[in-house]
Amino acid sequence: MNAIEVSGLTKSYGAVHAVQGIDLTIATGEIFALLGPNGAGKTTTVEILEGFRSRDSGDVRVLGFDPREEGKAARQWRNRIGIVLQSTSDSGDLTVVETIEHFSGYYSHPRHVEEVIHSVGLEEKSGALIRTLSGGQRRRLDVALGIIGNPELLFLDEPTTGFDPEARRAFWALIERLRGDGTTILLTTHYLDEAEALAGRVGVINEGKIVEVSTPTELGGRSTAQALVSWRDGAEIKSEATDNPTFVVSKLTAQFNGEIPELTVTRPSLEDIYLKMIGVTHE
Ligand code: ATP
């Protein structure tokens, strides 16, 4: 069964056509990253799936449920999903542990509060008031609130914005553990390395439309893109774009009679491919 099925989704705000016919299927247990520039329509799409925004047209099923519905079934459905929104509301003068405990009360099968605090690395701030947290610590609390309900499906909208590199790596490890538990995750991020590290598939969205859905290694023909071999030749750095980097390297090995000075062989990064897809060039 698929966790998410979307077809023909549209949403406009007045004259702004934010989402213009999106089709998307995300399998149960999959980690899917939605990539796209500011204003592409990611948050609009995700918040429609979460039941927080209305849509103009299209079919949406999230864990088999239409997020537009209300009532008891909607409350049961909400119990099965976890959400980390892009911006958070302030929960006043509660401590970290009090806030997480409070939220755990909303769910029928919550995780242990202590375990969640540990997962997001907030042990030392457990007794601190929310308003005294740094931006990155605050974001970790948001993630804690997203996973406290032990969700089958987790929505993460730019979860690591403001994290220091260590916190990002710790967060990635947490996502790997959730993947191991079979949690389906829909992630939006502006960090291409994050998408590459975490997602089985990525979808690029631009101006309200899906440009391509693929694996991070195959997106935009990346796996078959030419490699760039570069090396030092005297005072000069030389390079050659090639489909056969091994051949070029062996030719150079013969030319230099051994070690090739400052040899590198690179292929386009996910970021290079992504920027090209959304029409950003450096020329
Ligand atoms: P970002 O990466 O900056 O978070 P996004 O891909 O999430 O961007 P959305 O927030 O979905 O983009 O916005 C898509 C478009 O819809 C933008 O042009 C935005 O200005 C517009 N928009 C979003 N929300 C509203 C709203 N509540 N009212 C009017 N216009 C909106």
# chains A, B, ... in the order shown; residues from 1 in each chain; ligands from 1
$ select_by_dssp --residues "segment 4-253 of chain A" --states "strand (DSSP E)" --output "PDB file with N, CA, C and O atoms, in the first residue's frame"
ATOM      1  N   ILE A   4       1.227   7.738   0.488  1.00  0.00           N
ATOM      2  CA  ILE A   4       0.697   8.995  -0.062  1.00  0.00           C
ATOM      3  C   ILE A   4       0.399   8.814  -1.548  1.00  0.00           C
ATOM      4  O   ILE A   4       1.236   8.293  -2.297  1.00  0.00           O
ATOM      5  N   GLU A   5      -0.800   9.244  -1.946  1.00  0.00           N
ATOM      6  CA  GLU A   5      -1.159   9.238  -3.371  1.00  0.00           C
ATOM      7  C   GLU A   5      -1.802  10.574  -3.702  1.00  0.00           C
ATOM      8  O   GLU A   5      -2.805  10.948  -3.097  1.00  0.00           O
ATOM      9  N   VAL A   6      -1.203  11.264  -4.648  1.00  0.00           N
ATOM     10  CA  VAL A   6      -1.691  12.586  -5.040  1.00  0.00           C
ATOM     11  C   VAL A   6      -1.843  12.578  -6.551  1.00  0.00           C
ATOM     12  O   VAL A   6      -0.933  12.142  -7.258  1.00  0.00           O
ATOM     13  N   SER A   7      -2.987  13.063  -7.048  1.00  0.00           N
ATOM     14  CA  SER A   7      -3.068  13.237  -8.500  1.00  0.00           C
ATOM     15  C   SER A   7      -3.815  14.520  -8.845  1.00  0.00           C
ATOM     16  O   SER A   7      -4.830  14.851  -8.233  1.00  0.00           O
ATOM     17  N   GLY A   8      -3.244  15.223  -9.787  1.00  0.00           N
ATOM     18  CA  GLY A   8      -3.863  16.445 -10.306  1.00  0.00           C
ATOM     19  C   GLY A   8      -4.086  17.533  -9.269  1.00  0.00           C
ATOM     20  O   GLY A   8      -5.040  18.294  -9.360  1.00  0.00           O
ATOM     21  N   LEU A   9      -3.180  17.632  -8.308  1.00  0.00           N
ATOM     22  CA  LEU A   9      -3.376  18.604  -7.220  1.00  0.00           C
ATOM     23  C   LEU A   9      -3.109  20.037  -7.692  1.00  0.00           C
ATOM     24  O   LEU A   9      -2.075  20.322  -8.294  1.00  0.00           O
ATOM     25  N   THR A  10      -4.061  20.915  -7.429  1.00  0.00           N
ATOM     26  CA  THR A  10      -3.858  22.333  -7.739  1.00  0.00           C
ATOM     27  C   THR A  10      -4.262  23.197  -6.550  1.00  0.00           C
ATOM     28  O   THR A  10      -5.136  22.830  -5.767  1.00  0.00           O
ATOM     29  N   LYS A  11      -3.607  24.350  -6.465  1.00  0.00           N
ATOM     30  CA  LYS A  11      -3.935  25.323  -5.425  1.00  0.00           C
ATOM     31  C   LYS A  11      -3.441  26.701  -5.861  1.00  0.00           C
ATOM     32  O   LYS A  11      -2.277  26.866  -6.218  1.00  0.00           O
ATOM     33  N   SER A  12      -4.352  27.658  -5.871  1.00  0.00           N
ATOM     34  CA  SER A  12      -3.959  29.038  -6.182  1.00  0.00           C
ATOM     35  C   SER A  12      -4.294  29.931  -5.009  1.00  0.00           C
ATOM     36  O   SER A  12      -5.245  29.672  -4.260  1.00  0.00           O
ATOM     37  N   TYR A  13      -3.509  30.984  -4.857  1.00  0.00           N
ATOM     38  CA  TYR A  13      -3.841  32.059  -3.925  1.00  0.00           C
ATOM     39  C   TYR A  13      -4.099  33.282  -4.807  1.00  0.00           C
ATOM     40  O   TYR A  13      -3.136  33.897  -5.272  1.00  0.00           O
ATOM     41  N   VAL A  16      -1.847  33.852  -7.839  1.00  0.00           N
ATOM     42  CA  VAL A  16      -0.628  33.029  -7.712  1.00  0.00           C
ATOM     43  C   VAL A  16      -1.000  31.555  -7.802  1.00  0.00           C
ATOM     44  O   VAL A  16      -1.702  31.019  -6.939  1.00  0.00           O
ATOM     45  N   HIS A  17      -0.551  30.899  -8.888  1.00  0.00           N
ATOM     46  CA  HIS A  17      -0.833  29.474  -9.071  1.00  0.00           C
ATOM     47  C   HIS A  17       0.279  28.680  -8.405  1.00  0.00           C
ATOM     48  O   HIS A  17       1.263  28.305  -9.044  1.00  0.00           O
ATOM     49  N   ALA A  18       0.124  28.455  -7.105  1.00  0.00           N
ATOM     50  CA  ALA A  18       1.206  27.879  -6.299  1.00  0.00           C
ATOM     51  C   ALA A  18       1.465  26.420  -6.635  1.00  0.00           C
ATOM     52  O   ALA A  18       2.605  25.973  -6.682  1.00  0.00           O
ATOM     53  N   VAL A  19       0.393  25.643  -6.875  1.00  0.00           N
ATOM     54  CA  VAL A  19       0.518  24.224  -7.218  1.00  0.00           C
ATOM     55  C   VAL A  19      -0.316  23.983  -8.467  1.00  0.00           C
ATOM     56  O   VAL A  19      -1.502  24.284  -8.496  1.00  0.00           O
ATOM     57  N   GLN A  20       0.346  23.457  -9.510  1.00  0.00           N
ATOM     58  CA  GLN A  20      -0.307  23.432 -10.823  1.00  0.00           C
ATOM     59  C   GLN A  20      -0.417  22.027 -11.410  1.00  0.00           C
ATOM     60  O   GLN A  20       0.094  21.758 -12.484  1.00  0.00           O
ATOM     61  N   GLY A  21      -1.025  21.110 -10.653  1.00  0.00           N
ATOM     62  CA  GLY A  21      -1.249  19.767 -11.202  1.00  0.00           C
ATOM     63  C   GLY A  21      -0.158  18.795 -10.819  1.00  0.00           C
ATOM     64  O   GLY A  21       0.547  18.274 -11.686  1.00  0.00           O
ATOM     65  N   ILE A  22      -0.047  18.545  -9.537  1.00  0.00           N
ATOM     66  CA  ILE A  22       1.015  17.651  -9.050  1.00  0.00           C
ATOM     67  C   ILE A  22       0.497  16.228  -8.889  1.00  0.00           C
ATOM     68  O   ILE A  22      -0.581  16.007  -8.340  1.00  0.00           O
ATOM     69  N   ASP A  23       1.282  15.268  -9.417  1.00  0.00           N
ATOM     70  CA  ASP A  23       1.027  13.838  -9.216  1.00  0.00           C
ATOM     71  C   ASP A  23       2.203  13.281  -8.424  1.00  0.00           C
ATOM     72  O   ASP A  23       3.361  13.539  -8.787  1.00  0.00           O
ATOM     73  N   LEU A  24       1.895  12.505  -7.405  1.00  0.00           N
ATOM     74  CA  LEU A  24       2.978  12.022  -6.541  1.00  0.00           C
ATOM     75  C   LEU A  24       2.519  10.761  -5.827  1.00  0.00           C
ATOM     76  O   LEU A  24       1.405  10.723  -5.303  1.00  0.00           O
ATOM     77  N   THR A  25       3.377   9.743  -5.829  1.00  0.00           N
ATOM     78  CA  THR A  25       3.072   8.526  -5.068  1.00  0.00           C
ATOM     79  C   THR A  25       4.270   8.205  -4.195  1.00  0.00           C
ATOM     80  O   THR A  25       5.399   8.150  -4.683  1.00  0.00           O
ATOM     81  N   ILE A  26       4.020   8.019  -2.914  1.00  0.00           N
ATOM     82  CA  ILE A  26       5.101   7.687  -1.982  1.00  0.00           C
ATOM     83  C   ILE A  26       4.732   6.382  -1.288  1.00  0.00           C
ATOM     84  O   ILE A  26       3.652   6.252  -0.698  1.00  0.00           O
ATOM     85  N   ALA A  27       5.637   5.403  -1.419  1.00  0.00           N
ATOM     86  CA  ALA A  27       5.350   4.068  -0.886  1.00  0.00           C
ATOM     87  C   ALA A  27       5.527   4.046   0.632  1.00  0.00           C
ATOM     88  O   ALA A  27       6.288   4.841   1.186  1.00  0.00           O
ATOM     89  N   ILE A  31      11.554   7.060   2.197  1.00  0.00           N
ATOM     90  CA  ILE A  31      11.924   8.431   2.570  1.00  0.00           C
ATOM     91  C   ILE A  31      12.031   9.215   1.271  1.00  0.00           C
ATOM     92  O   ILE A  31      12.839   8.893   0.386  1.00  0.00           O
ATOM     93  N   PHE A  32      11.187  10.216   1.151  1.00  0.00           N
ATOM     94  CA  PHE A  32      11.069  10.975  -0.092  1.00  0.00           C
ATOM     95  C   PHE A  32      11.378  12.434   0.206  1.00  0.00           C
ATOM     96  O   PHE A  32      10.829  13.011   1.141  1.00  0.00           O
ATOM     97  N   ALA A  33      12.260  13.029  -0.586  1.00  0.00           N
ATOM     98  CA  ALA A  33      12.596  14.447  -0.379  1.00  0.00           C
ATOM     99  C   ALA A  33      12.011  15.279  -1.508  1.00  0.00           C
ATOM    100  O   ALA A  33      12.168  14.948  -2.688  1.00  0.00           O
ATOM    101  N   LEU A  34      11.336  16.344  -1.128  1.00  0.00           N
ATOM    102  CA  LEU A  34      10.798  17.294  -2.094  1.00  0.00           C
ATOM    103  C   LEU A  34      11.757  18.481  -2.132  1.00  0.00           C
ATOM    104  O   LEU A  34      11.992  19.121  -1.109  1.00  0.00           O
ATOM    105  N   LEU A  35      12.310  18.727  -3.332  1.00  0.00           N
ATOM    106  CA  LEU A  35      13.279  19.804  -3.482  1.00  0.00           C
ATOM    107  C   LEU A  35      12.694  20.870  -4.389  1.00  0.00           C
ATOM    108  O   LEU A  35      11.944  20.561  -5.317  1.00  0.00           O
ATOM    109  N   SER A  57      -8.290  21.577  -6.507  1.00  0.00           N
ATOM    110  CA  SER A  57      -8.728  20.349  -7.174  1.00  0.00           C
ATOM    111  C   SER A  57      -7.667  19.270  -7.019  1.00  0.00           C
ATOM    112  O   SER A  57      -6.546  19.543  -6.575  1.00  0.00           O
ATOM    113  N   GLY A  58      -8.037  18.053  -7.403  1.00  0.00           N
ATOM    114  CA  GLY A  58      -7.113  16.927  -7.318  1.00  0.00           C
ATOM    115  C   GLY A  58      -7.532  15.938  -6.247  1.00  0.00           C
ATOM    116  O   GLY A  58      -8.359  16.249  -5.394  1.00  0.00           O
ATOM    117  N   ASP A  59      -6.963  14.721  -6.362  1.00  0.00           N
ATOM    118  CA  ASP A  59      -7.243  13.670  -5.373  1.00  0.00           C
ATOM    119  C   ASP A  59      -6.042  13.507  -4.455  1.00  0.00           C
ATOM    120  O   ASP A  59      -4.903  13.461  -4.923  1.00  0.00           O
ATOM    121  N   VAL A  60      -6.319  13.392  -3.178  1.00  0.00           N
ATOM    122  CA  VAL A  60      -5.240  13.218  -2.200  1.00  0.00           C
ATOM    123  C   VAL A  60      -5.626  12.097  -1.242  1.00  0.00           C
ATOM    124  O   VAL A  60      -6.727  12.098  -0.682  1.00  0.00           O
ATOM    125  N   ARG A  61      -4.723  11.144  -1.072  1.00  0.00           N
ATOM    126  CA  ARG A  61      -4.898  10.090  -0.065  1.00  0.00           C
ATOM    127  C   ARG A  61      -3.616  10.016   0.767  1.00  0.00           C
ATOM    128  O   ARG A  61      -2.531   9.863   0.230  1.00  0.00           O
ATOM    129  N   VAL A  62      -3.779  10.152   2.062  1.00  0.00           N
ATOM    130  CA  VAL A  62      -2.638  10.066   2.972  1.00  0.00           C
ATOM    131  C   VAL A  62      -2.970   8.976   3.991  1.00  0.00           C
ATOM    132  O   VAL A  62      -3.966   9.113   4.722  1.00  0.00           O
ATOM    133  N   ILE A  81       0.068  10.273  12.229  1.00  0.00           N
ATOM    134  CA  ILE A  81       1.072  11.074  11.512  1.00  0.00           C
ATOM    135  C   ILE A  81       1.802  12.037  12.453  1.00  0.00           C
ATOM    136  O   ILE A  81       1.266  12.430  13.487  1.00  0.00           O
ATOM    137  N   GLY A  82       3.026  12.359  12.072  1.00  0.00           N
ATOM    138  CA  GLY A  82       3.830  13.318  12.831  1.00  0.00           C
ATOM    139  C   GLY A  82       4.195  14.463  11.909  1.00  0.00           C
ATOM    140  O   GLY A  82       4.403  14.258  10.707  1.00  0.00           O
ATOM    141  N   ILE A  83       4.239  15.660  12.461  1.00  0.00           N
ATOM    142  CA  ILE A  83       4.446  16.838  11.621  1.00  0.00           C
ATOM    143  C   ILE A  83       5.478  17.761  12.248  1.00  0.00           C
ATOM    144  O   ILE A  83       5.388  18.085  13.426  1.00  0.00           O
ATOM    145  N   VAL A  84       6.455  18.160  11.430  1.00  0.00           N
ATOM    146  CA  VAL A  84       7.351  19.238  11.844  1.00  0.00           C
ATOM    147  C   VAL A  84       7.163  20.353  10.826  1.00  0.00           C
ATOM    148  O   VAL A  84       7.564  20.233   9.665  1.00  0.00           O
ATOM    149  N   LEU A 153       3.777   7.934   9.580  1.00  0.00           N
ATOM    150  CA  LEU A 153       4.176   8.843   8.509  1.00  0.00           C
ATOM    151  C   LEU A 153       4.610  10.159   9.144  1.00  0.00           C
ATOM    152  O   LEU A 153       3.890  10.722   9.974  1.00  0.00           O
ATOM    153  N   LEU A 154       5.793  10.609   8.747  1.00  0.00           N
ATOM    154  CA  LEU A 154       6.345  11.826   9.340  1.00  0.00           C
ATOM    155  C   LEU A 154       6.594  12.860   8.239  1.00  0.00           C
ATOM    156  O   LEU A 154       7.229  12.562   7.232  1.00  0.00           O
ATOM    157  N   PHE A 155       6.059  14.057   8.450  1.00  0.00           N
ATOM    158  CA  PHE A 155       6.300  15.175   7.535  1.00  0.00           C
ATOM    159  C   PHE A 155       7.355  16.084   8.160  1.00  0.00           C
ATOM    160  O   PHE A 155       7.178  16.538   9.300  1.00  0.00           O
ATOM    161  N   LEU A 156       8.401  16.353   7.413  1.00  0.00           N
ATOM    162  CA  LEU A 156       9.469  17.216   7.933  1.00  0.00           C
ATOM    163  C   LEU A 156       9.689  18.361   6.951  1.00  0.00           C
ATOM    164  O   LEU A 156      10.186  18.144   5.846  1.00  0.00           O
ATOM    165  N   ASP A 157       9.281  19.559   7.327  1.00  0.00           N
ATOM    166  CA  ASP A 157       9.446  20.710   6.432  1.00  0.00           C
ATOM    167  C   ASP A 157      10.691  21.487   6.865  1.00  0.00           C
ATOM    168  O   ASP A 157      10.690  22.139   7.907  1.00  0.00           O
ATOM    169  N   THR A 184       7.434   6.063   7.249  1.00  0.00           N
ATOM    170  CA  THR A 184       7.470   6.751   5.956  1.00  0.00           C
ATOM    171  C   THR A 184       7.760   8.225   6.240  1.00  0.00           C
ATOM    172  O   THR A 184       7.185   8.793   7.174  1.00  0.00           O
ATOM    173  N   ILE A 185       8.631   8.823   5.447  1.00  0.00           N
ATOM    174  CA  ILE A 185       9.000  10.217   5.723  1.00  0.00           C
ATOM    175  C   ILE A 185       8.940  11.041   4.441  1.00  0.00           C
ATOM    176  O   ILE A 185       9.507  10.661   3.410  1.00  0.00           O
ATOM    177  N   LEU A 186       8.233  12.154   4.526  1.00  0.00           N
ATOM    178  CA  LEU A 186       8.244  13.145   3.442  1.00  0.00           C
ATOM    179  C   LEU A 186       8.960  14.384   3.968  1.00  0.00           C
ATOM    180  O   LEU A 186       8.542  14.997   4.951  1.00  0.00           O
ATOM    181  N   LEU A 187      10.056  14.694   3.295  1.00  0.00           N
ATOM    182  CA  LEU A 187      10.975  15.710   3.774  1.00  0.00           C
ATOM    183  C   LEU A 187      11.075  16.819   2.734  1.00  0.00           C
ATOM    184  O   LEU A 187      11.157  16.538   1.545  1.00  0.00           O
ATOM    185  N   THR A 188      11.031  18.065   3.160  1.00  0.00           N
ATOM    186  CA  THR A 188      11.445  19.126   2.246  1.00  0.00           C
ATOM    187  C   THR A 188      12.730  19.713   2.801  1.00  0.00           C
ATOM    188  O   THR A 188      12.890  19.814   4.017  1.00  0.00           O
ATOM    189  N   ARG A 201      14.197   8.471  -2.823  1.00  0.00           N
ATOM    190  CA  ARG A 201      13.844   9.183  -4.055  1.00  0.00           C
ATOM    191  C   ARG A 201      13.686  10.665  -3.746  1.00  0.00           C
ATOM    192  O   ARG A 201      13.350  11.046  -2.617  1.00  0.00           O
ATOM    193  N   VAL A 202      13.927  11.468  -4.755  1.00  0.00           N
ATOM    194  CA  VAL A 202      13.721  12.909  -4.614  1.00  0.00           C
ATOM    195  C   VAL A 202      12.790  13.372  -5.733  1.00  0.00           C
ATOM    196  O   VAL A 202      12.783  12.808  -6.825  1.00  0.00           O
ATOM    197  N   GLY A 203      12.001  14.395  -5.437  1.00  0.00           N
ATOM    198  CA  GLY A 203      11.154  15.015  -6.452  1.00  0.00           C
ATOM    199  C   GLY A 203      11.525  16.480  -6.522  1.00  0.00           C
ATOM    200  O   GLY A 203      11.604  17.145  -5.490  1.00  0.00           O
ATOM    201  N   VAL A 204      11.808  16.953  -7.734  1.00  0.00           N
ATOM    202  CA  VAL A 204      12.121  18.381  -7.891  1.00  0.00           C
ATOM    203  C   VAL A 204      10.867  19.099  -8.328  1.00  0.00           C
ATOM    204  O   VAL A 204      10.209  18.701  -9.301  1.00  0.00           O
ATOM    205  N   ILE A 205      10.516  20.145  -7.598  1.00  0.00           N
ATOM    206  CA  ILE A 205       9.318  20.906  -7.902  1.00  0.00           C
ATOM    207  C   ILE A 205       9.737  22.343  -8.203  1.00  0.00           C
ATOM    208  O   ILE A 205      10.602  22.896  -7.527  1.00  0.00           O
ATOM    209  N   ASN A 206       9.174  22.877  -9.283  1.00  0.00           N
ATOM    210  CA  ASN A 206       9.503  24.252  -9.674  1.00  0.00           C
ATOM    211  C   ASN A 206       8.244  24.902 -10.233  1.00  0.00           C
ATOM    212  O   ASN A 206       7.527  24.289 -11.035  1.00  0.00           O
ATOM    213  N   LYS A 209       5.073  22.777 -10.329  1.00  0.00           N
ATOM    214  CA  LYS A 209       5.004  21.529 -11.097  1.00  0.00           C
ATOM    215  C   LYS A 209       6.179  20.631 -10.731  1.00  0.00           C
ATOM    216  O   LYS A 209       7.270  21.131 -10.448  1.00  0.00           O
ATOM    217  N   ILE A 210       5.936  19.311 -10.818  1.00  0.00           N
ATOM    218  CA  ILE A 210       7.033  18.367 -10.596  1.00  0.00           C
ATOM    219  C   ILE A 210       7.866  18.314 -11.872  1.00  0.00           C
ATOM    220  O   ILE A 210       7.342  18.055 -12.956  1.00  0.00           O
ATOM    221  N   VAL A 211       9.146  18.573 -11.739  1.00  0.00           N
ATOM    222  CA  VAL A 211      10.037  18.542 -12.905  1.00  0.00           C
ATOM    223  C   VAL A 211      10.521  17.115 -13.143  1.00  0.00           C
ATOM    224  O   VAL A 211      10.550  16.628 -14.270  1.00  0.00           O
ATOM    225  N   GLU A 212      10.907  16.422 -12.070  1.00  0.00           N
ATOM    226  CA  GLU A 212      11.358  15.031 -12.198  1.00  0.00           C
ATOM    227  C   GLU A 212      11.313  14.352 -10.849  1.00  0.00           C
ATOM    228  O   GLU A 212      11.534  14.992  -9.815  1.00  0.00           O
ATOM    229  N   VAL A 213      11.030  13.069 -10.866  1.00  0.00           N
ATOM    230  CA  VAL A 213      11.142  12.247  -9.647  1.00  0.00           C
ATOM    231  C   VAL A 213      12.125  11.144  -9.969  1.00  0.00           C
ATOM    232  O   VAL A 213      12.000  10.468 -10.987  1.00  0.00           O
ATOM    233  N   SER A 214      13.135  10.967  -9.110  1.00  0.00           N
ATOM    234  CA  SER A 214      14.160   9.973  -9.394  1.00  0.00           C
ATOM    235  C   SER A 214      14.936   9.653  -8.119  1.00  0.00           C
ATOM    236  O   SER A 214      14.652  10.224  -7.067  1.00  0.00           O
ATOM    237  N   ALA A 227      32.239  12.584 -16.638  1.00  0.00           N
ATOM    238  CA  ALA A 227      33.128  12.855 -15.505  1.00  0.00           C
ATOM    239  C   ALA A 227      34.135  13.924 -15.921  1.00  0.00           C
ATOM    240  O   ALA A 227      34.443  14.085 -17.112  1.00  0.00           O
ATOM    241  N   LEU A 228      34.621  14.654 -14.945  1.00  0.00           N
ATOM    242  CA  LEU A 228      35.640  15.656 -15.215  1.00  0.00           C
ATOM    243  C   LEU A 228      36.946  15.197 -14.558  1.00  0.00           C
ATOM    244  O   LEU A 228      37.010  15.024 -13.342  1.00  0.00           O
ATOM    245  N   VAL A 229      37.955  14.953 -15.407  1.00  0.00           N
ATOM    246  CA  VAL A 229      39.264  14.551 -14.890  1.00  0.00           C
ATOM    247  C   VAL A 229      40.134  15.800 -14.899  1.00  0.00           C
ATOM    248  O   VAL A 229      40.209  16.499 -15.910  1.00  0.00           O
ATOM    249  N   SER A 230      40.757  16.104 -13.774  1.00  0.00           N
ATOM    250  CA  SER A 230      41.657  17.259 -13.788  1.00  0.00           C
ATOM    251  C   SER A 230      42.970  16.916 -13.102  1.00  0.00           C
ATOM    252  O   SER A 230      43.030  16.022 -12.251  1.00  0.00           O
ATOM    253  N   TRP A 231      44.010  17.597 -13.504  1.00  0.00           N
ATOM    254  CA  TRP A 231      45.354  17.305 -13.000  1.00  0.00           C
ATOM    255  C   TRP A 231      46.250  18.510 -13.218  1.00  0.00           C
ATOM    256  O   TRP A 231      45.892  19.443 -13.945  1.00  0.00           O
ATOM    257  N   ARG A 232      47.411  18.507 -12.550  1.00  0.00           N
ATOM    258  CA  ARG A 232      48.364  19.607 -12.735  1.00  0.00           C
ATOM    259  C   ARG A 232      49.394  19.230 -13.794  1.00  0.00           C
ATOM    260  O   ARG A 232      49.954  18.129 -13.762  1.00  0.00           O
ATOM    261  N   ASP A 233      49.624  20.167 -14.717  1.00  0.00           N
ATOM    262  CA  ASP A 233      50.655  19.982 -15.735  1.00  0.00           C
ATOM    263  C   ASP A 233      51.562  21.201 -15.652  1.00  0.00           C
ATOM    264  O   ASP A 233      51.230  22.257 -16.186  1.00  0.00           O
ATOM    265  N   GLU A 236      50.110  24.712 -14.786  1.00  0.00           N
ATOM    266  CA  GLU A 236      48.715  24.779 -15.223  1.00  0.00           C
ATOM    267  C   GLU A 236      47.861  23.642 -14.649  1.00  0.00           C
ATOM    268  O   GLU A 236      48.336  22.511 -14.514  1.00  0.00           O
ATOM    269  N   ILE A 237      46.591  23.954 -14.304  1.00  0.00           N
ATOM    270  CA  ILE A 237      45.634  22.882 -13.974  1.00  0.00           C
ATOM    271  C   ILE A 237      44.857  22.586 -15.254  1.00  0.00           C
ATOM    272  O   ILE A 237      44.253  23.482 -15.846  1.00  0.00           O
ATOM    273  N   LYS A 238      44.919  21.344 -15.691  1.00  0.00           N
ATOM    274  CA  LYS A 238      44.211  20.962 -16.921  1.00  0.00           C
ATOM    275  C   LYS A 238      43.012  20.090 -16.565  1.00  0.00           C
ATOM    276  O   LYS A 238      43.007  19.438 -15.522  1.00  0.00           O
ATOM    277  N   SER A 239      42.019  20.069 -17.450  1.00  0.00           N
ATOM    278  CA  SER A 239      40.879  19.180 -17.199  1.00  0.00           C
ATOM    279  C   SER A 239      40.293  18.681 -18.505  1.00  0.00           C
ATOM    280  O   SER A 239      40.472  19.303 -19.560  1.00  0.00           O
ATOM    281  N   GLU A 240      39.628  17.541 -18.397  1.00  0.00           N
ATOM    282  CA  GLU A 240      39.008  16.935 -19.580  1.00  0.00           C
ATOM    283  C   GLU A 240      37.683  16.296 -19.177  1.00  0.00           C
ATOM    284  O   GLU A 240      37.637  15.494 -18.242  1.00  0.00           O
ATOM    285  N   ALA A 241      36.623  16.668 -19.872  1.00  0.00           N
ATOM    286  CA  ALA A 241      35.313  16.039 -19.637  1.00  0.00           C
ATOM    287  C   ALA A 241      35.248  14.773 -20.472  1.00  0.00           C
ATOM    288  O   ALA A 241      35.601  14.794 -21.657  1.00  0.00           O
ATOM    289  N   THR A 242      34.825  13.659 -19.861  1.00  0.00           N
ATOM    290  CA  THR A 242      34.907  12.394 -20.577  1.00  0.00           C
ATOM    291  C   THR A 242      33.852  11.393 -20.118  1.00  0.00           C
ATOM    292  O   THR A 242      33.419  11.413 -18.970  1.00  0.00           O
TER     293      THR A 242
END
$ select_by_dssp --residues "segment 17-254 of chain A" --states "helix (DSSP H, G or I)" --output "ChimeraX atom specification"
/A:42-49,72-78,96-104,113-119,123-125,130-132,135-147,165-180,192-198,219-224,245-254
$ residues_near_ligand --ligand "ligand 1" --cutoff "6 Å" --atoms "only C-alpha atoms and all ligand atoms" --output "JSON, numbers by chain"
{"A": [13, 18, 36, 37, 38, 39, 40, 41, 42, 43, 44]}
$ atom_distance --atom1 "atom CA of Gly149 of chain A" --atom2 "atom CA of His118 of chain A"
15.3 Å
$ closest_residue --among "A:Gly200, A:Leu192, A:His102, A:Ala235" --to "Glu271 of chain A" --atoms "only C-alpha atoms"
A:Leu192
$ closest_residue --among "A:Leu275, A:Leu94, A:Ile260, A:Leu219" --to "Ser126 of chain A" --atoms "only C-alpha atoms"
A:Leu94
$ closest_residue --among "A:Ile117, A:Leu252, A:Ala167, A:Leu270" --to "Tyr191 of chain A" --atoms "only C-alpha atoms"
A:Leu270
$ atom_distance --atom1 "atom CA of Glu218 of chain A" --atom2 "atom CA of Leu198 of chain A"
14.9 Å
$ residues_around --residues "Arg267 of chain A" --least-positions-apart "2" --cutoff "9 Å" --atoms "only C-alpha atoms" --output "list of chain:residue names"
A:Arg222, A:Ser223, A:Ala225, A:Gln226, A:Ala227, A:Leu228, A:Val265, A:Ser269
